[in-house]
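Reproduced below: model26.csv, with CSV, C-alpha atoms and all ligand atoms.
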```
chain,number,residue,atom,x,y,z
Q,27,MET,CA,0.0,0.0,0.0
Q,28,ILE,CA,1.2,3.5,-0.7
Q,29,SER,CA,1.7,5.5,2.5
Q,30,ARG,CA,-0.6,8.4,3.4
Q,31,LYS,CA,2.4,10.6,3.6
Q,32,SER,CA,3.4,9.8,0.0
Q,33,ILE,CA,-0.1,10.4,-1.3
Q,34,GLU,CA,-0.1,13.8,0.4
Q,35,GLU,CA,3.2,14.6,-1.2
Q,36,VAL,CA,1.9,13.7,-4.6
Q,37,MET,CA,-1.3,15.8,-4.0
Q,38,GLU,CA,0.8,18.8,-3.0
Q,39,ARG,CA,3.2,18.6,-5.9
Q,40,ALA,CA,0.7,17.9,-8.7
Q,41,ARG,CA,-0.3,21.0,-10.5
Q,42,ILE,CA,-3.6,20.5,-12.3
Q,43,GLU,CA,-2.5,22.8,-15.2
Q,44,GLU,CA,0.6,20.6,-15.7
Q,45,VAL,CA,-1.2,17.3,-15.4
Q,46,VAL,CA,-4.0,18.3,-17.8
Q,47,GLY,CA,-1.5,20.1,-20.0
Q,48,ASP,CA,0.1,16.8,-20.9
Q,49,PHE,CA,-3.2,15.8,-22.7
Q,50,VAL,CA,-5.1,19.0,-23.4
Q,51,ASN,CA,-3.9,22.1,-25.2
Q,52,LEU,CA,-4.7,24.8,-22.7
Q,53,LYS,CA,-5.1,28.5,-23.2
Q,54,ARG,CA,-5.0,31.1,-20.5
Q,55,ARG,CA,-8.2,33.0,-20.0
Q,56,GLY,CA,-8.1,35.3,-17.0
Q,57,SER,CA,-7.0,33.4,-14.0
Q,58,ASN,CA,-8.2,30.1,-15.5
Q,59,LEU,CA,-7.1,28.0,-18.5
Q,60,THR,CA,-9.5,26.6,-21.0
Q,61,GLY,CA,-9.3,23.9,-23.7
Q,62,LEU,CA,-11.3,21.4,-25.6
Q,63,CYS,CA,-12.7,18.8,-23.2
Q,64,PRO,CA,-11.0,15.4,-23.6
Q,65,PHE,CA,-14.1,13.6,-22.2
Q,66,HIS,CA,-16.7,14.7,-24.7
Q,67,HIS,CA,-16.7,16.0,-28.2
Q,68,GLU,CA,-16.9,19.7,-28.6
Q,69,LYS,CA,-15.8,22.5,-31.0
Q,70,THR,CA,-15.7,25.4,-28.5
Q,71,PRO,CA,-13.9,25.0,-25.3
Q,72,SER,CA,-16.0,24.5,-22.2
Q,73,PHE,CA,-13.3,22.7,-20.3
Q,74,SER,CA,-11.7,24.9,-17.6
Q,75,VAL,CA,-8.7,24.5,-15.3
Q,76,SER,CA,-8.2,26.5,-12.2
Q,77,PRO,CA,-4.6,26.7,-11.0
Q,78,THR,CA,-5.5,28.6,-7.9
Q,79,ARG,CA,-8.1,25.9,-6.8
Q,80,ASN,CA,-6.0,23.1,-8.4
Q,81,ILE,CA,-9.1,21.5,-10.0
Q,82,PHE,CA,-10.6,21.0,-13.5
Q,83,LYS,CA,-14.2,21.4,-14.5
Q,84,CYS,CA,-16.0,20.8,-17.8
Q,85,PHE,CA,-19.2,22.9,-18.2
Q,86,GLY,CA,-20.2,20.8,-21.1
Q,87,CYS,CA,-20.3,17.3,-19.6
Q,88,GLY,CA,-20.0,18.2,-16.0
Q,89,ARG,CA,-16.8,16.2,-15.2
Q,90,GLY,CA,-14.5,17.8,-12.7
Q,91,GLY,CA,-12.0,17.1,-9.9
Q,92,ASP,CA,-8.4,17.2,-8.9
Q,93,SER,CA,-5.3,15.9,-10.7
Q,94,VAL,CA,-5.8,12.3,-9.5
Q,95,LYS,CA,-9.4,12.3,-10.7
Q,96,PHE,CA,-8.3,13.6,-14.1
Q,97,VAL,CA,-5.7,10.9,-14.6
Q,98,MET,CA,-8.1,8.2,-13.4
Q,99,GLU,CA,-10.8,9.4,-15.8
Q,100,HIS,CA,-8.5,10.1,-18.7
Q,101,GLU,CA,-6.3,7.0,-18.5
Q,102,GLY,CA,-8.8,4.7,-17.0
Q,103,TYR,CA,-6.6,4.1,-13.9
Q,104,GLU,CA,-7.5,2.9,-10.5
Q,105,TYR,CA,-6.6,5.3,-7.6
Q,106,PRO,CA,-3.2,3.7,-6.8
Q,107,GLU,CA,-2.2,3.6,-10.5
Q,108,ALA,CA,-3.0,7.3,-10.8
Q,109,ILE,CA,-0.9,8.1,-7.7
Q,110,ARG,CA,2.0,6.1,-9.2
Q,111,TYR,CA,1.6,7.9,-12.5
Q,112,LEU,CA,1.7,11.3,-10.9
Q,113,ALA,CA,4.7,10.3,-8.6
Q,114,GLY,CA,6.5,9.3,-11.8
Q,115,LYS,CA,5.7,12.6,-13.5
Q,116,TYR,CA,7.1,14.6,-10.6
Q,117,GLY,CA,9.9,12.2,-9.6
Q,118,ILE,CA,8.5,11.5,-6.2
Q,119,GLN,CA,9.7,8.3,-4.5
Q,120,LEU,CA,6.7,6.5,-3.2
Q,121,GLU,CA,6.8,5.0,0.3
Q,122,GLU,CA,5.1,1.7,0.2
Q,123,THR,CA,3.9,0.3,3.5
Q,124,GLN,CA,3.4,-3.3,4.5
Q,125,ALA,CA,-0.2,-4.5,4.4
Q,126,ASP,CA,-1.6,-4.7,7.9
Q,127,ALA,CA,-1.8,-7.9,10.0
Q,128,GLU,CA,-5.5,-8.4,9.2
Q,129,THR,CA,-4.9,-8.3,5.4
Q,130,LEU,CA,-2.0,-10.8,5.7
Q,131,LEU,CA,-4.1,-13.1,7.8
Q,132,ALA,CA,-7.0,-13.1,5.3
Q,133,GLU,CA,-4.5,-13.8,2.6
Q,134,ARG,CA,-3.0,-16.8,4.4
Q,135,GLU,CA,-6.5,-18.1,5.1
Q,136,ARG,CA,-7.3,-17.9,1.4
Q,137,GLU,CA,-4.2,-19.8,0.6
Q,138,THR,CA,-5.1,-22.6,3.1
Q,139,ILE,CA,-8.6,-22.9,1.6
Q,140,TYR,CA,-7.1,-23.1,-1.8
Q,141,LYS,CA,-4.7,-25.9,-0.8
Q,142,VAL,CA,-7.6,-27.9,0.8
Q,143,LEU,CA,-9.7,-27.5,-2.3
Q,144,GLU,CA,-6.9,-28.6,-4.5
Q,145,PHE,CA,-6.3,-31.7,-2.3
Q,146,ALA,CA,-9.9,-32.6,-2.5
Q,147,TRP,CA,-9.9,-32.1,-6.2
Q,148,GLN,CA,-6.9,-34.4,-6.7
Q,149,TYR,CA,-8.5,-37.0,-4.5
Q,150,TYR,CA,-11.8,-37.0,-6.4
Q,151,LYS,CA,-10.0,-36.9,-9.7
Q,152,ASN,CA,-8.0,-40.0,-8.7
Q,153,GLN,CA,-11.2,-41.7,-7.5
Q,154,LEU,CA,-12.8,-41.0,-10.8
Q,155,HIS,CA,-10.0,-42.1,-13.1
Q,156,ASN,CA,-8.2,-44.9,-11.1
Q,157,THR,CA,-10.9,-46.8,-9.4
Q,158,GLU,CA,-13.4,-49.3,-10.7
Q,159,GLU,CA,-16.3,-47.4,-9.3
Q,160,GLY,CA,-15.0,-44.2,-10.9
Q,161,GLN,CA,-14.7,-45.9,-14.3
Q,162,SER,CA,-18.2,-47.3,-14.3
Q,163,PRO,CA,-20.5,-44.9,-12.5
Q,164,TRP,CA,-23.7,-46.2,-14.1
Q,165,SER,CA,-23.3,-49.8,-13.0
Q,201,ZN,ZN,-16.6,17.7,-21.1
```
What does this structure look like when you write it as structure tokens?
Amino acid sequence: MISRKSIEEVMERARIEEVVGDFVNLKRRGSNLTGLCPFHHEKTPSFSVSPTRNIFKCFGCGRGGDSVKFVMEHEGYEYPEAIRYLAGKYGIQLEETQADAETLLAERERETIYKVLEFAWQYYKNQLHNTEEGQSPWS
């Protein structure tokens, strides 16, 4: 898991105009930047980026949010993937924490169940193929 501290660092460093600017041609208009929305087809720009508020907003299709949201929507990433993408863009070293004890325990339990099931499967397969009863189930 990515540590909370690393996520905060990414959020602090990511500038919405730079993140969006990699994909959308932005033009300054007053204190905001505008461009053609990458999420819906349009001929006149209704897509707006606010560097002061560090968010984007499209007045055409209603999409909006911060840098992470933009990357998730634009690239189809899950949240951690979007954080990794932004960390890469800004050269931030992500701190990954160990999964907590509860998660590890659940994982080990899953593995055990899997082994038991596999054992049972092997047993029944063997019964089916290598015993007389298994070979002639209709008699
Ligand atoms: Zn839009």
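Considering the residues Q:Thr70, Q:Ser76, Q:Ser29, Q:Thr123 and counting all atoms listed in the file, Asn58 of chain Q has its shortest atom-to-atom contact with Q:Ser76.
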Selection: 12 Å around segment 113-115 of chain Q, only C-alpha atoms, excl. self and same-chain fewer than 4 positions, as a list in words: Ile28, Ser32, Ile33, Glu34, Glu35, Val36, Met37, Glu38, Arg39, Ala40, Arg41, Glu44, Val45, Asp48, Ser93, Val94, Val97, Pro106, Glu107, Ala108, Ile109, Gln119, Leu120 and Glu121 of chain Q
For the residues selected in the previous step, produce a file with C-alpha atoms as a PDB file, in the frame of the given file.
```
ATOM      1  CA  ILE Q  28       1.200   3.500  -0.700  1.00  0.00           C
ATOM      2  CA  SER Q  32       3.400   9.800   0.000  1.00  0.00           C
ATOM      3  CA  ILE Q  33      -0.100  10.400  -1.300  1.00  0.00           C
ATOM      4  CA  GLU Q  34      -0.100  13.800   0.400  1.00  0.00           C
ATOM      5  CA  GLU Q  35       3.200  14.600  -1.200  1.00  0.00           C
ATOM      6  CA  VAL Q  36       1.900  13.700  -4.600  1.00  0.00           C
ATOM      7  CA  MET Q  37      -1.300  15.800  -4.000  1.00  0.00           C
ATOM      8  CA  GLU Q  38       0.800  18.800  -3.000  1.00  0.00           C
ATOM      9  CA  ARG Q  39       3.200  18.600  -5.900  1.00  0.00           C
ATOM     10  CA  ALA Q  40       0.700  17.900  -8.700  1.00  0.00           C
ATOM     11  CA  ARG Q  41      -0.300  21.000 -10.500  1.00  0.00           C
ATOM     12  CA  GLU Q  44       0.600  20.600 -15.700  1.00  0.00           C
ATOM     13  CA  VAL Q  45      -1.200  17.300 -15.400  1.00  0.00           C
ATOM     14  CA  ASP Q  48       0.100  16.800 -20.900  1.00  0.00           C
ATOM     15  CA  SER Q  93      -5.300  15.900 -10.700  1.00  0.00           C
ATOM     16  CA  VAL Q  94      -5.800  12.300  -9.500  1.00  0.00           C
ATOM     17  CA  VAL Q  97      -5.700  10.900 -14.600  1.00  0.00           C
ATOM     18  CA  PRO Q 106      -3.200   3.700  -6.800  1.00  0.00           C
ATOM     19  CA  GLU Q 107      -2.200   3.600 -10.500  1.00  0.00           C
ATOM     20  CA  ALA Q 108      -3.000   7.300 -10.800  1.00  0.00           C
ATOM     21  CA  ILE Q 109      -0.900   8.100  -7.700  1.00  0.00           C
ATOM     22  CA  GLN Q 119       9.700   8.300  -4.500  1.00  0.00           C
ATOM     23  CA  LEU Q 120       6.700   6.500  -3.200  1.00  0.00           C
ATOM     24  CA  GLU Q 121       6.800   5.000   0.300  1.00  0.00           C
TER      25      GLU Q 121
END
```
Who sits within 6 Å of Ser72 of chain Q, only C-alpha atoms, same chain under 3 positions skipped, as a ChimeraX atom specification: /Q:84-86
Could you list, as a PyMOL selection string, every residue within 10 Å of Phe49 of chain Q, counting all atoms listed in the file and ignoring same-chain residues fewer than 2 positions away? chain Q and resi 44-47+51-52+63-64+97+100
Throw together the list of residues within 12 Å of ligand ZN 201 (chain Q), counting all atoms listed in the file, and drop it here as a list of chain:residue names.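 Based on all atoms listed in the file, ligand ZN 201 (chain Q) is surrounded within 12 Å by Q:Val50, Q:Thr60, Q:Gly61, Q:Leu62, Q:Cys63, Q:Pro64, Q:Phe65, Q:His66, Q:His67, Q:Glu68, Q:Lys69, Q:Thr70, Q:Pro71, Q:Ser72, Q:Phe73, Q:Ser74, Q:Val75, Q:Phe82, Q:Lys83, Q:Cys84, Q:Phe85, Q:Gly86, Q:Cys87, Q:Gly88, Q:Arg89, Q:Gly90, Q:Phe96, Q:Glu99, Q:His100.
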Report the distance between atom CA of Asp126 of chain Q and atom CA of Lys31 of chain Q in Å, rounded to one decimal place. 16.4 Å
What does the distance from atom CA of Arg55 of chain Q to atom CA of Arg79 of chain Q come to in Å, to one decimal?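 That distance, rounded to one decimal, is 15.0 Å.
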N, CA and C atoms modelled onto segment 67-90 of chain Q, as a PDB file, in the coordinates of the input:
```pdb
ATOM      1  N   HIS Q  67     -17.051  15.300 -26.986  1.00  0.00           N
ATOM      2  CA  HIS Q  67     -16.700  16.000 -28.200  1.00  0.00           C
ATOM      3  C   HIS Q  67     -17.260  17.381 -28.252  1.00  0.00           C
ATOM      4  N   GLU Q  68     -16.391  18.344 -28.545  1.00  0.00           N
ATOM      5  CA  GLU Q  68     -16.900  19.700 -28.600  1.00  0.00           C
ATOM      6  C   GLU Q  68     -15.978  20.557 -29.541  1.00  0.00           C
ATOM      7  N   LYS Q  69     -16.554  21.642 -30.055  1.00  0.00           N
ATOM      8  CA  LYS Q  69     -15.800  22.500 -31.000  1.00  0.00           C
ATOM      9  C   LYS Q  69     -15.369  23.797 -30.306  1.00  0.00           C
ATOM     10  N   THR Q  70     -16.151  24.244 -29.307  1.00  0.00           N
ATOM     11  CA  THR Q  70     -15.700  25.400 -28.500  1.00  0.00           C
ATOM     12  C   THR Q  70     -15.435  24.972 -27.109  1.00  0.00           C
ATOM     13  N   PRO Q  71     -14.306  25.447 -26.568  1.00  0.00           N
ATOM     14  CA  PRO Q  71     -13.900  25.000 -25.300  1.00  0.00           C
ATOM     15  C   PRO Q  71     -14.805  25.281 -24.111  1.00  0.00           C
ATOM     16  N   SER Q  72     -15.233  24.253 -23.404  1.00  0.00           N
ATOM     17  CA  SER Q  72     -16.000  24.500 -22.200  1.00  0.00           C
ATOM     18  C   SER Q  72     -15.290  23.817 -21.003  1.00  0.00           C
ATOM     19  N   PHE Q  73     -14.059  23.372 -21.300  1.00  0.00           N
ATOM     20  CA  PHE Q  73     -13.300  22.700 -20.300  1.00  0.00           C
ATOM     21  C   PHE Q  73     -12.351  23.719 -19.626  1.00  0.00           C
ATOM     22  N   SER Q  74     -12.450  23.827 -18.311  1.00  0.00           N
ATOM     23  CA  SER Q  74     -11.700  24.900 -17.600  1.00  0.00           C
ATOM     24  C   SER Q  74     -10.844  24.311 -16.494  1.00  0.00           C
ATOM     25  N   VAL Q  75      -9.655  24.891 -16.349  1.00  0.00           N
ATOM     26  CA  VAL Q  75      -8.700  24.500 -15.300  1.00  0.00           C
ATOM     27  C   VAL Q  75      -8.417  25.660 -14.414  1.00  0.00           C
ATOM     28  N   SER Q  76      -8.527  25.456 -13.118  1.00  0.00           N
ATOM     29  CA  SER Q  76      -8.200  26.500 -12.200  1.00  0.00           C
ATOM     30  C   SER Q  76      -6.967  26.242 -11.397  1.00  0.00           C
ATOM     31  N   PRO Q  77      -5.854  26.909 -11.766  1.00  0.00           N
ATOM     32  CA  PRO Q  77      -4.600  26.700 -11.000  1.00  0.00           C
ATOM     33  C   PRO Q  77      -4.687  27.095  -9.581  1.00  0.00           C
ATOM     34  N   THR Q  78      -5.462  28.117  -9.288  1.00  0.00           N
ATOM     35  CA  THR Q  78      -5.500  28.600  -7.900  1.00  0.00           C
ATOM     36  C   THR Q  78      -6.282  27.542  -7.022  1.00  0.00           C
ATOM     37  N   ARG Q  79      -7.323  26.938  -7.578  1.00  0.00           N
ATOM     38  CA  ARG Q  79      -8.100  25.900  -6.800  1.00  0.00           C
ATOM     39  C   ARG Q  79      -7.538  24.526  -7.055  1.00  0.00           C
ATOM     40  N   ASN Q  80      -6.642  24.399  -8.048  1.00  0.00           N
ATOM     41  CA  ASN Q  80      -6.000  23.100  -8.400  1.00  0.00           C
ATOM     42  C   ASN Q  80      -7.027  22.050  -8.824  1.00  0.00           C
ATOM     43  N   ILE Q  81      -8.043  22.481  -9.569  1.00  0.00           N
ATOM     44  CA  ILE Q  81      -9.100  21.500 -10.000  1.00  0.00           C
ATOM     45  C   ILE Q  81      -9.404  21.830 -11.509  1.00  0.00           C
ATOM     46  N   PHE Q  82     -10.050  20.839 -12.142  1.00  0.00           N
ATOM     47  CA  PHE Q  82     -10.600  21.000 -13.500  1.00  0.00           C
ATOM     48  C   PHE Q  82     -12.079  20.910 -13.452  1.00  0.00           C
ATOM     49  N   LYS Q  83     -12.725  21.512 -14.445  1.00  0.00           N
ATOM     50  CA  LYS Q  83     -14.200  21.400 -14.500  1.00  0.00           C
ATOM     51  C   LYS Q  83     -14.617  21.584 -15.953  1.00  0.00           C
ATOM     52  N   CYS Q  84     -15.475  20.678 -16.428  1.00  0.00           N
ATOM     53  CA  CYS Q  84     -16.000  20.800 -17.800  1.00  0.00           C
ATOM     54  C   CYS Q  84     -17.483  21.294 -17.637  1.00  0.00           C
ATOM     55  N   PHE Q  85     -17.788  22.411 -18.258  1.00  0.00           N
ATOM     56  CA  PHE Q  85     -19.200  22.900 -18.200  1.00  0.00           C
ATOM     57  C   PHE Q  85     -20.040  22.303 -19.242  1.00  0.00           C
ATOM     58  N   GLY Q  86     -19.433  21.477 -20.105  1.00  0.00           N
ATOM     59  CA  GLY Q  86     -20.200  20.800 -21.100  1.00  0.00           C
ATOM     60  C   GLY Q  86     -20.755  19.454 -20.590  1.00  0.00           C
ATOM     61  N   CYS Q  87     -19.856  18.616 -20.077  1.00  0.00           N
ATOM     62  CA  CYS Q  87     -20.300  17.300 -19.600  1.00  0.00           C
ATOM     63  C   CYS Q  87     -20.321  17.156 -18.117  1.00  0.00           C
ATOM     64  N   GLY Q  88     -19.850  18.177 -17.423  1.00  0.00           N
ATOM     65  CA  GLY Q  88     -20.000  18.200 -16.000  1.00  0.00           C
ATOM     66  C   GLY Q  88     -18.851  17.478 -15.215  1.00  0.00           C
ATOM     67  N   ARG Q  89     -17.888  16.897 -15.942  1.00  0.00           N
ATOM     68  CA  ARG Q  89     -16.800  16.200 -15.200  1.00  0.00           C
ATOM     69  C   ARG Q  89     -15.906  17.266 -14.555  1.00  0.00           C
ATOM     70  N   GLY Q  90     -15.364  16.873 -13.424  1.00  0.00           N
ATOM     71  CA  GLY Q  90     -14.500  17.800 -12.700  1.00  0.00           C
ATOM     72  C   GLY Q  90     -13.788  17.082 -11.567  1.00  0.00           C
TER      73      GLY Q  90
END
```
